[in-house]
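Text of the file structure.cif, holding mmCIF, C-alpha atoms:
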```cif
data_entry
loop_
_atom_site.group_PDB
_atom_site.id
_atom_site.type_symbol
_atom_site.label_atom_id
_atom_site.label_comp_id
_atom_site.auth_asym_id
_atom_site.auth_seq_id
_atom_site.Cartn_x
_atom_site.Cartn_y
_atom_site.Cartn_z
ATOM 1 C CA GLU G 3 92.775 114.485 70.028
ATOM 2 C CA SER G 4 90.666 114.178 73.175
ATOM 3 C CA TYR G 5 87.485 113.290 71.300
ATOM 4 C CA ARG G 6 89.212 110.770 69.042
ATOM 5 C CA THR G 7 90.993 108.998 71.916
ATOM 6 C CA LEU G 8 87.922 109.176 74.177
ATOM 7 C CA MET G 9 85.748 107.470 71.558
ATOM 8 C CA ARG G 10 88.360 104.753 71.131
ATOM 9 C CA ASN G 11 88.308 103.956 74.888
ATOM 10 C CA VAL G 12 84.993 105.081 76.405
ATOM 11 C CA GLY G 13 83.316 101.690 75.827
ATOM 12 C CA ARG G 14 85.358 100.424 78.787
ATOM 13 C CA LEU G 15 83.716 102.908 81.173
ATOM 14 C CA CYS G 16 81.609 101.193 83.875
ATOM 15 C CA VAL G 17 79.068 104.022 84.322
ATOM 16 C CA SER G 18 76.482 105.556 82.023
ATOM 17 C CA TRP G 19 77.476 108.866 80.465
ATOM 18 C CA HIS G 20 76.279 111.783 78.356
ATOM 19 C CA LEU G 21 78.575 113.607 75.961
ATOM 20 C CA MET G 22 78.428 117.298 75.156
ATOM 21 C CA LEU G 23 80.773 119.049 72.738
ATOM 22 C CA TYR G 24 81.186 122.777 73.083
ATOM 23 C CA ASN G 25 82.603 124.437 69.983
ATOM 24 C CA ASN G 26 83.876 127.917 70.829
ATOM 25 C CA SER G 27 85.170 128.306 67.248
ATOM 26 C CA ALA G 28 82.190 128.674 64.926
ATOM 27 C CA ASP G 29 84.567 128.606 61.939
ATOM 28 C CA ILE G 30 85.450 124.988 62.787
ATOM 29 C CA GLN G 31 82.685 122.739 61.512
ATOM 30 C CA ILE G 32 81.796 119.773 63.722
ATOM 31 C CA PRO G 33 79.300 117.303 62.272
ATOM 32 C CA GLN G 34 76.272 116.236 64.314
ATOM 33 C CA GLY G 35 76.776 112.960 66.127
ATOM 34 C CA ASP G 36 75.724 110.972 69.166
ATOM 35 C CA TYR G 37 76.339 113.955 71.444
ATOM 36 C CA LYS G 38 74.894 117.336 72.236
ATOM 37 C CA LEU G 39 76.690 119.979 70.193
ATOM 38 C CA ILE G 40 76.700 123.583 71.390
ATOM 39 C CA VAL G 41 78.037 126.380 69.194
ATOM 40 C CA PRO G 42 77.604 129.717 71.012
ATOM 41 C CA ALA G 43 77.063 132.959 69.111
ATOM 42 C CA GLU G 44 80.279 134.308 70.638
ATOM 43 C CA ASN G 45 83.361 132.683 72.146
ATOM 44 C CA ARG G 46 82.586 132.242 75.859
ATOM 45 C CA MET G 47 86.029 130.792 76.527
ATOM 46 C CA LEU G 48 86.611 127.918 78.952
ATOM 47 C CA ALA G 49 84.506 129.311 81.811
ATOM 48 C CA GLY G 50 81.486 129.583 79.514
ATOM 49 C CA ALA G 51 81.986 126.091 78.128
ATOM 50 C CA TYR G 52 82.545 124.538 81.561
ATOM 51 C CA ASN G 53 79.521 126.279 83.083
ATOM 52 C CA GLU G 54 77.402 125.075 80.162
ATOM 53 C CA ALA G 55 78.656 121.542 80.869
ATOM 54 C CA LEU G 56 77.848 122.014 84.564
ATOM 55 C CA ASN G 57 74.317 123.070 83.640
ATOM 56 C CA GLU G 58 73.994 120.062 81.317
ATOM 57 C CA SER G 59 75.140 117.827 84.194
ATOM 58 C CA ARG G 60 72.398 119.246 86.412
ATOM 59 C CA LEU G 61 69.764 118.701 83.713
ATOM 60 C CA ASN G 62 70.839 115.055 83.346
ATOM 61 C CA ASN G 63 71.042 114.470 87.131
ATOM 62 C CA CYS G 64 74.734 113.607 86.851
ATOM 63 C CA GLU G 65 76.850 113.362 89.984
ATOM 64 C CA TRP G 66 80.124 113.807 88.103
ATOM 65 C CA LEU G 67 81.374 116.098 85.348
ATOM 66 C CA LEU G 68 84.396 115.077 83.277
ATOM 67 C CA LEU G 69 86.068 117.995 81.498
ATOM 68 C CA LEU G 70 88.258 117.470 78.464
ATOM 69 C CA ASP G 71 90.124 120.106 76.545
ATOM 70 C CA GLN G 72 90.889 119.218 72.956
ATOM 71 C CA ASP G 73 94.546 118.374 73.584
ATOM 72 C CA THR G 74 94.601 115.540 76.160
ATOM 73 C CA GLN G 75 95.121 111.944 75.006
ATOM 74 C CA ILE G 76 92.669 109.535 76.687
ATOM 75 C CA THR G 77 94.011 106.005 77.263
ATOM 76 C CA GLU G 78 92.693 102.605 78.363
ATOM 77 C CA SER G 79 94.646 103.042 81.583
ATOM 78 C CA TYR G 80 92.861 106.321 82.283
ATOM 79 C CA ILE G 81 89.422 104.769 81.741
ATOM 80 C CA ASP G 82 90.432 101.846 83.982
ATOM 81 C CA SER G 83 91.535 104.296 86.683
ATOM 82 C CA LEU G 84 88.180 106.117 86.411
ATOM 83 C CA ASN G 85 86.410 102.759 86.833
ATOM 84 C CA HIS G 86 88.538 102.039 89.896
ATOM 85 C CA PHE G 87 87.652 105.456 91.289
ATOM 86 C CA PHE G 88 83.907 104.934 90.748
ATOM 87 C CA MET G 89 84.046 101.540 92.440
ATOM 88 C CA SER G 90 86.073 102.916 95.385
ATOM 89 C CA GLY G 91 83.259 105.182 96.563
ATOM 90 C CA ALA G 92 85.797 107.859 97.549
ATOM 91 C CA MET G 93 84.115 111.059 98.728
ATOM 92 C CA VAL G 94 86.144 113.799 97.058
ATOM 93 C CA ALA G 95 85.597 117.042 95.162
ATOM 94 C CA VAL G 96 87.726 116.134 92.134
ATOM 95 C CA ALA G 97 89.542 113.107 90.715
ATOM 96 C CA PHE G 98 92.306 113.750 88.179
ATOM 97 C CA PRO G 99 95.234 112.044 86.453
ATOM 98 C CA ILE G 100 98.835 113.125 86.261
ATOM 99 C CA LEU G 101 99.388 115.181 83.106
ATOM 100 C CA GLU G 102 102.725 115.316 81.319
ATOM 101 C CA ASN G 103 104.129 116.796 78.145
ATOM 102 C CA ASN G 104 107.264 115.227 76.693
ATOM 103 C CA GLY G 105 108.387 114.017 80.132
ATOM 104 C CA LEU G 106 107.605 117.332 81.857
ATOM 105 C CA HIS G 107 105.221 117.051 84.846
ATOM 106 C CA LEU G 108 102.421 119.564 84.244
ATOM 107 C CA SER G 109 99.832 118.611 86.828
ATOM 108 C CA PRO G 110 99.014 118.137 89.726
ATOM 109 C CA HIS G 111 100.950 120.052 92.383
ATOM 110 C CA THR G 112 100.676 120.783 96.096
ATOM 111 C CA TYR G 113 101.444 124.135 97.713
ATOM 112 C CA CYS G 114 101.141 126.131 100.930
ATOM 113 C CA LEU G 115 97.728 127.832 101.224
ATOM 114 C CA PRO G 116 98.882 131.134 102.792
ATOM 115 C CA LEU G 117 101.314 131.655 99.897
ATOM 116 C CA GLY G 118 98.838 130.617 97.221
ATOM 117 C CA PRO G 119 99.244 128.210 94.320
ATOM 118 C CA TRP G 120 102.162 130.021 92.672
ATOM 119 C CA PHE G 121 104.900 129.597 95.269
ATOM 120 C CA PHE G 122 106.757 126.515 96.494
ATOM 121 C CA MET G 123 104.762 124.092 94.397
ATOM 122 C CA LYS G 124 105.733 120.425 94.580
ATOM 123 C CA LYS G 125 104.868 117.668 92.142
ATOM 124 C CA LEU G 126 102.073 115.429 93.341
ATOM 125 C CA ASN G 127 102.841 111.885 92.204
ATOM 126 C CA ASN G 128 101.121 109.651 94.758
ATOM 127 C CA HIS G 129 97.793 108.034 93.896
ATOM 128 C CA GLY G 130 94.605 107.942 95.934
ATOM 129 C CA VAL G 131 92.946 110.436 98.277
ATOM 130 C CA VAL G 132 94.896 113.637 98.914
ATOM 131 C CA GLU G 133 94.187 116.322 101.504
ATOM 132 C CA GLY G 134 95.484 119.856 101.593
ATOM 133 C CA CYS G 135 96.249 122.470 98.980
ATOM 134 C CA VAL G 136 96.204 120.989 95.510
ATOM 135 C CA SER G 137 96.322 122.507 92.046
ATOM 136 C CA ALA G 138 95.615 120.538 88.880
ATOM 137 C CA PHE G 139 94.640 121.149 85.275
ATOM 138 C CA ASN G 140 90.927 120.927 84.487
ATOM 139 C CA SER G 141 91.403 118.727 81.432
ATOM 140 C CA ALA G 142 90.694 115.050 82.231
ATOM 141 C CA SER G 143 89.520 116.033 85.718
ATOM 142 C CA LEU G 144 86.320 114.526 87.081
ATOM 143 C CA PHE G 145 84.444 117.068 89.208
ATOM 144 C CA SER G 146 81.721 116.425 91.760
ATOM 145 C CA VAL G 147 78.802 118.455 90.420
ATOM 146 C CA SER G 148 77.575 119.292 93.935
ATOM 147 C CA GLU G 149 81.037 120.460 95.082
ATOM 148 C CA ILE G 150 81.475 122.727 92.055
ATOM 149 C CA GLU G 151 78.012 124.163 92.626
ATOM 150 C CA LYS G 152 78.951 124.942 96.252
ATOM 151 C CA ILE G 153 81.756 127.233 95.046
ATOM 152 C CA GLY G 154 79.498 128.943 92.496
ATOM 153 C CA GLY G 155 80.553 127.035 89.401
ATOM 154 C CA PHE G 156 83.487 127.969 87.215
ATOM 155 C CA PRO G 157 84.274 131.661 87.810
ATOM 156 C CA ASN G 158 83.768 133.955 84.843
ATOM 157 C CA GLU G 159 86.442 136.292 86.292
ATOM 158 C CA PHE G 160 88.959 133.774 84.884
ATOM 159 C CA PRO G 161 87.456 132.949 81.484
ATOM 160 C CA LEU G 162 90.572 131.152 80.182
ATOM 161 C CA ASP G 163 93.937 131.408 81.891
ATOM 162 C CA MET G 164 94.113 130.520 85.591
ATOM 163 C CA LEU G 165 90.566 129.099 85.632
ATOM 164 C CA ASP G 166 91.767 125.707 86.844
ATOM 165 C CA THR G 167 94.048 127.325 89.439
ATOM 166 C CA CYS G 168 91.158 129.411 90.792
ATOM 167 C CA VAL G 169 88.749 126.441 91.010
ATOM 168 C CA PHE G 170 91.252 124.235 92.826
ATOM 169 C CA TYR G 171 92.226 127.129 95.110
ATOM 170 C CA ARG G 172 88.591 127.656 96.104
ATOM 171 C CA LEU G 173 88.114 123.934 96.745
ATOM 172 C CA SER G 174 91.361 123.769 98.754
ATOM 173 C CA LYS G 175 90.271 126.737 100.894
ATOM 174 C CA LYS G 176 87.100 124.800 101.735
ATOM 175 C CA LYS G 177 89.314 121.869 102.829
ATOM 176 C CA LYS G 178 87.972 119.487 100.193
ATOM 177 C CA SER G 179 89.651 116.172 99.427
ATOM 178 C CA PHE G 180 90.989 115.144 96.031
ATOM 179 C CA PHE G 181 91.782 111.837 94.324
ATOM 180 C CA VAL G 182 94.848 111.338 92.144
ATOM 181 C CA LEU G 183 94.061 108.660 89.576
ATOM 182 C CA ASN G 184 96.620 105.959 88.856
ATOM 183 C CA SER G 185 97.111 107.209 85.309
ATOM 184 C CA VAL G 186 99.503 109.459 83.414
ATOM 185 C CA LEU G 187 98.162 111.232 80.333
ATOM 186 C CA GLN G 188 99.911 113.254 77.666
ATOM 187 C CA HIS G 189 98.657 116.818 77.410
ATOM 188 C CA ASP G 190 99.724 119.230 74.699
ATOM 189 C CA LEU G 191 100.211 122.425 76.680
ATOM 190 C CA SER G 192 99.160 125.372 74.509
ATOM 191 C CA VAL G 193 101.718 127.834 75.920
#
```

Would you mind writing the structure in this file as structure tokens?
Amino acid sequence: ESYRTLMRNVGRLCVSWHLMLYNNSADIQIPQGDYKLIVPAENRMLAGAYNEALNESRLNNCEWLLLLDQDTQITESYIDSLNHFFMSGAMVAVAFPILENNGLHLSPHTYCLPLGPWFFMKKLNNHGVVEGCVSAFNSASLFSVSEIEKIGGFPNEFPLDMLDTCVFYRLSKKKKSFFVLNSVLQHDLSV
């Protein structure tokens, strides 16, 4: 879903981009295309895929890394909000949309740092720069390559579940700023 909807809308993007597909399921055949295709010998889960994308970003001298899981629907509005973000020049660690599933707010949330990202979470609905403790899903999030490198990349200790929570927790502890895009995307939560 993400690839199909991205390809339908990416022509609207105001910056140059490189696309890499990471296929953790060797039994699913993906044809070669106008992208770099990586099929690892073993399933390296999300942390492996994201760190490979981070490395690819470094090799291509990219400032930003957009992560997409397979189950997020990309829209014109989302691409327009990315364009607005790029033109704003905001200095943040991550920019991300609001993710929903059938009217249920999935991401992002704010929380109290001493209690961690699992207690007293509140929906984050306002757009623009946000300070403080924030947790968001990685899918459709645009990460500053340099800020992710400063926290050591995507931690392999959380290869799948809680990876996004850990990354945002580490960025929040370093008092980084975030940007909530003026866009709501549908995300098919796998649990």

Who sits within 8 Å of G:Ala95, all atoms listed in the file, same chain under 3 positions skipped, as a PyMOL selection string: chain G and resi 145-146+149-150+173+178-180

Expected selection from the PyMOL selection byres ((chain G and resi 5-10) around 6), given as a PyMOL selection string: chain G and resi 3-4+11-12+75-76

For the residues in that selection, give me C-alpha atoms as a PDB file, in the frame of the given file.
```pdb
ATOM      1  CA  GLU G   3      92.775 114.485  70.028  1.00  0.00           C
ATOM      2  CA  SER G   4      90.666 114.178  73.175  1.00  0.00           C
ATOM      3  CA  ASN G  11      88.308 103.956  74.888  1.00  0.00           C
ATOM      4  CA  VAL G  12      84.993 105.081  76.405  1.00  0.00           C
ATOM      5  CA  GLN G  75      95.121 111.944  75.006  1.00  0.00           C
ATOM      6  CA  ILE G  76      92.669 109.535  76.687  1.00  0.00           C
TER       7      ILE G  76
END
```

Atomic separation - atom CA of G:Tyr37 relative to atom CA of G:Ile81, Å: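 Between these atoms lies a distance of 19.0 Å.
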
Wanna dump the stretch 25-93 of chain G-stretch 184-188 of chain G contacts at 10 Å for me, each residue with its shortest atom pair and the distance in Å to one decimal, counting only C-alpha atoms, ordered by chain and number, as a tab-separated table?
```
residue	atom	partner	partner_atom	distance
G:Asp73	CA	G:Gln188	CA	8.5
G:Thr74	CA	G:Gln188	CA	6.0
G:Gln75	CA	G:Gln188	CA	5.6
G:Ile76	CA	G:Leu187	CA	6.8
G:Thr77	CA	G:Leu187	CA	7.3
G:Glu78	CA	G:Ser185	CA	9.4
G:Ser79	CA	G:Ser185	CA	6.1
G:Tyr80	CA	G:Ser185	CA	5.3
G:Ile81	CA	G:Ser185	CA	8.8
G:Asp82	CA	G:Ser185	CA	8.7
G:Ser83	CA	G:Asn184	CA	5.8
G:Leu84	CA	G:Asn184	CA	8.8
G:His86	CA	G:Asn184	CA	9.0
G:Phe87	CA	G:Asn184	CA	9.3
```

Between atom CA of G:Val136 and atom CA of G:Phe98, distance in Å (one decimal): 11.0 Å

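Separating atom CA of G:Arg172 from atom CA of G:His107 is a distance of 22.7 Å.
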
Residues matched by the PyMOL selection byres ((chain G and resi 16) around 9) as JSON, numbers by chain: {"G": [13, 14, 15, 17, 18, 81, 82, 84, 85, 88, 89]}

Selection under test: the PyMOL selection byres ((chain G and resi 66) around 12); residues as a ChimeraX atom specification: /G:17-20,55-60,62-65,67-69,84,87-88,93-97,143-151

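Distances from G:Ser137, G:Asn45, G:Asn104, G:Gln72 to G:Leu23 were compared using all atoms listed in the file, and the smallest one belongs to G:Gln72.
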
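In terms of minimum interatomic distance to G:Tyr113, G:Lys175 ranks closest within G:Lys175, G:Lys152, G:His129, G:Arg46, counting only C-alpha atoms.
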
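The protein and nucleic acid residues lying at most 7 Å from stretch 154-170 of chain G are Met47, Leu48, Ala49, Tyr52, Asn53, Val136, Ser137, Ala138, Phe139 and Asn140 of chain G, with all atoms listed in the file considered and sequence neighbours fewer than 5 positions away removed.
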
Could you save the residues just selected, with C-alpha atoms, as a compact mmCIF listing (two decimals), keeping the file's coordinate frame?
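Saved as part-v7.txt:
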```txt
# COMPACT_ATOMS: atom_id res chain seq x y z
CA MET G 47 86.03 130.79 76.53
CA LEU G 48 86.61 127.92 78.95
CA ALA G 49 84.51 129.31 81.81
CA TYR G 52 82.54 124.54 81.56
CA ASN G 53 79.52 126.28 83.08
CA VAL G 136 96.20 120.99 95.51
CA SER G 137 96.32 122.51 92.05
CA ALA G 138 95.62 120.54 88.88
CA PHE G 139 94.64 121.15 85.28
CA ASN G 140 90.93 120.93 84.49
```

From G:Leu39, G:Phe121, G:His189, G:Glu44, residue lying nearest G:Asn26 [only C-alpha atoms]: G:Glu44

Nearby residues (all atoms listed in the file) at most 9 Å from G:Ser27, same-chain spacing under 3 positions excluded, as a list in words: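 Close residues of G:Ser27: Tyr24, Ile30, Gln31, Val41, Pro42, Glu44 and Asn45 of chain G.
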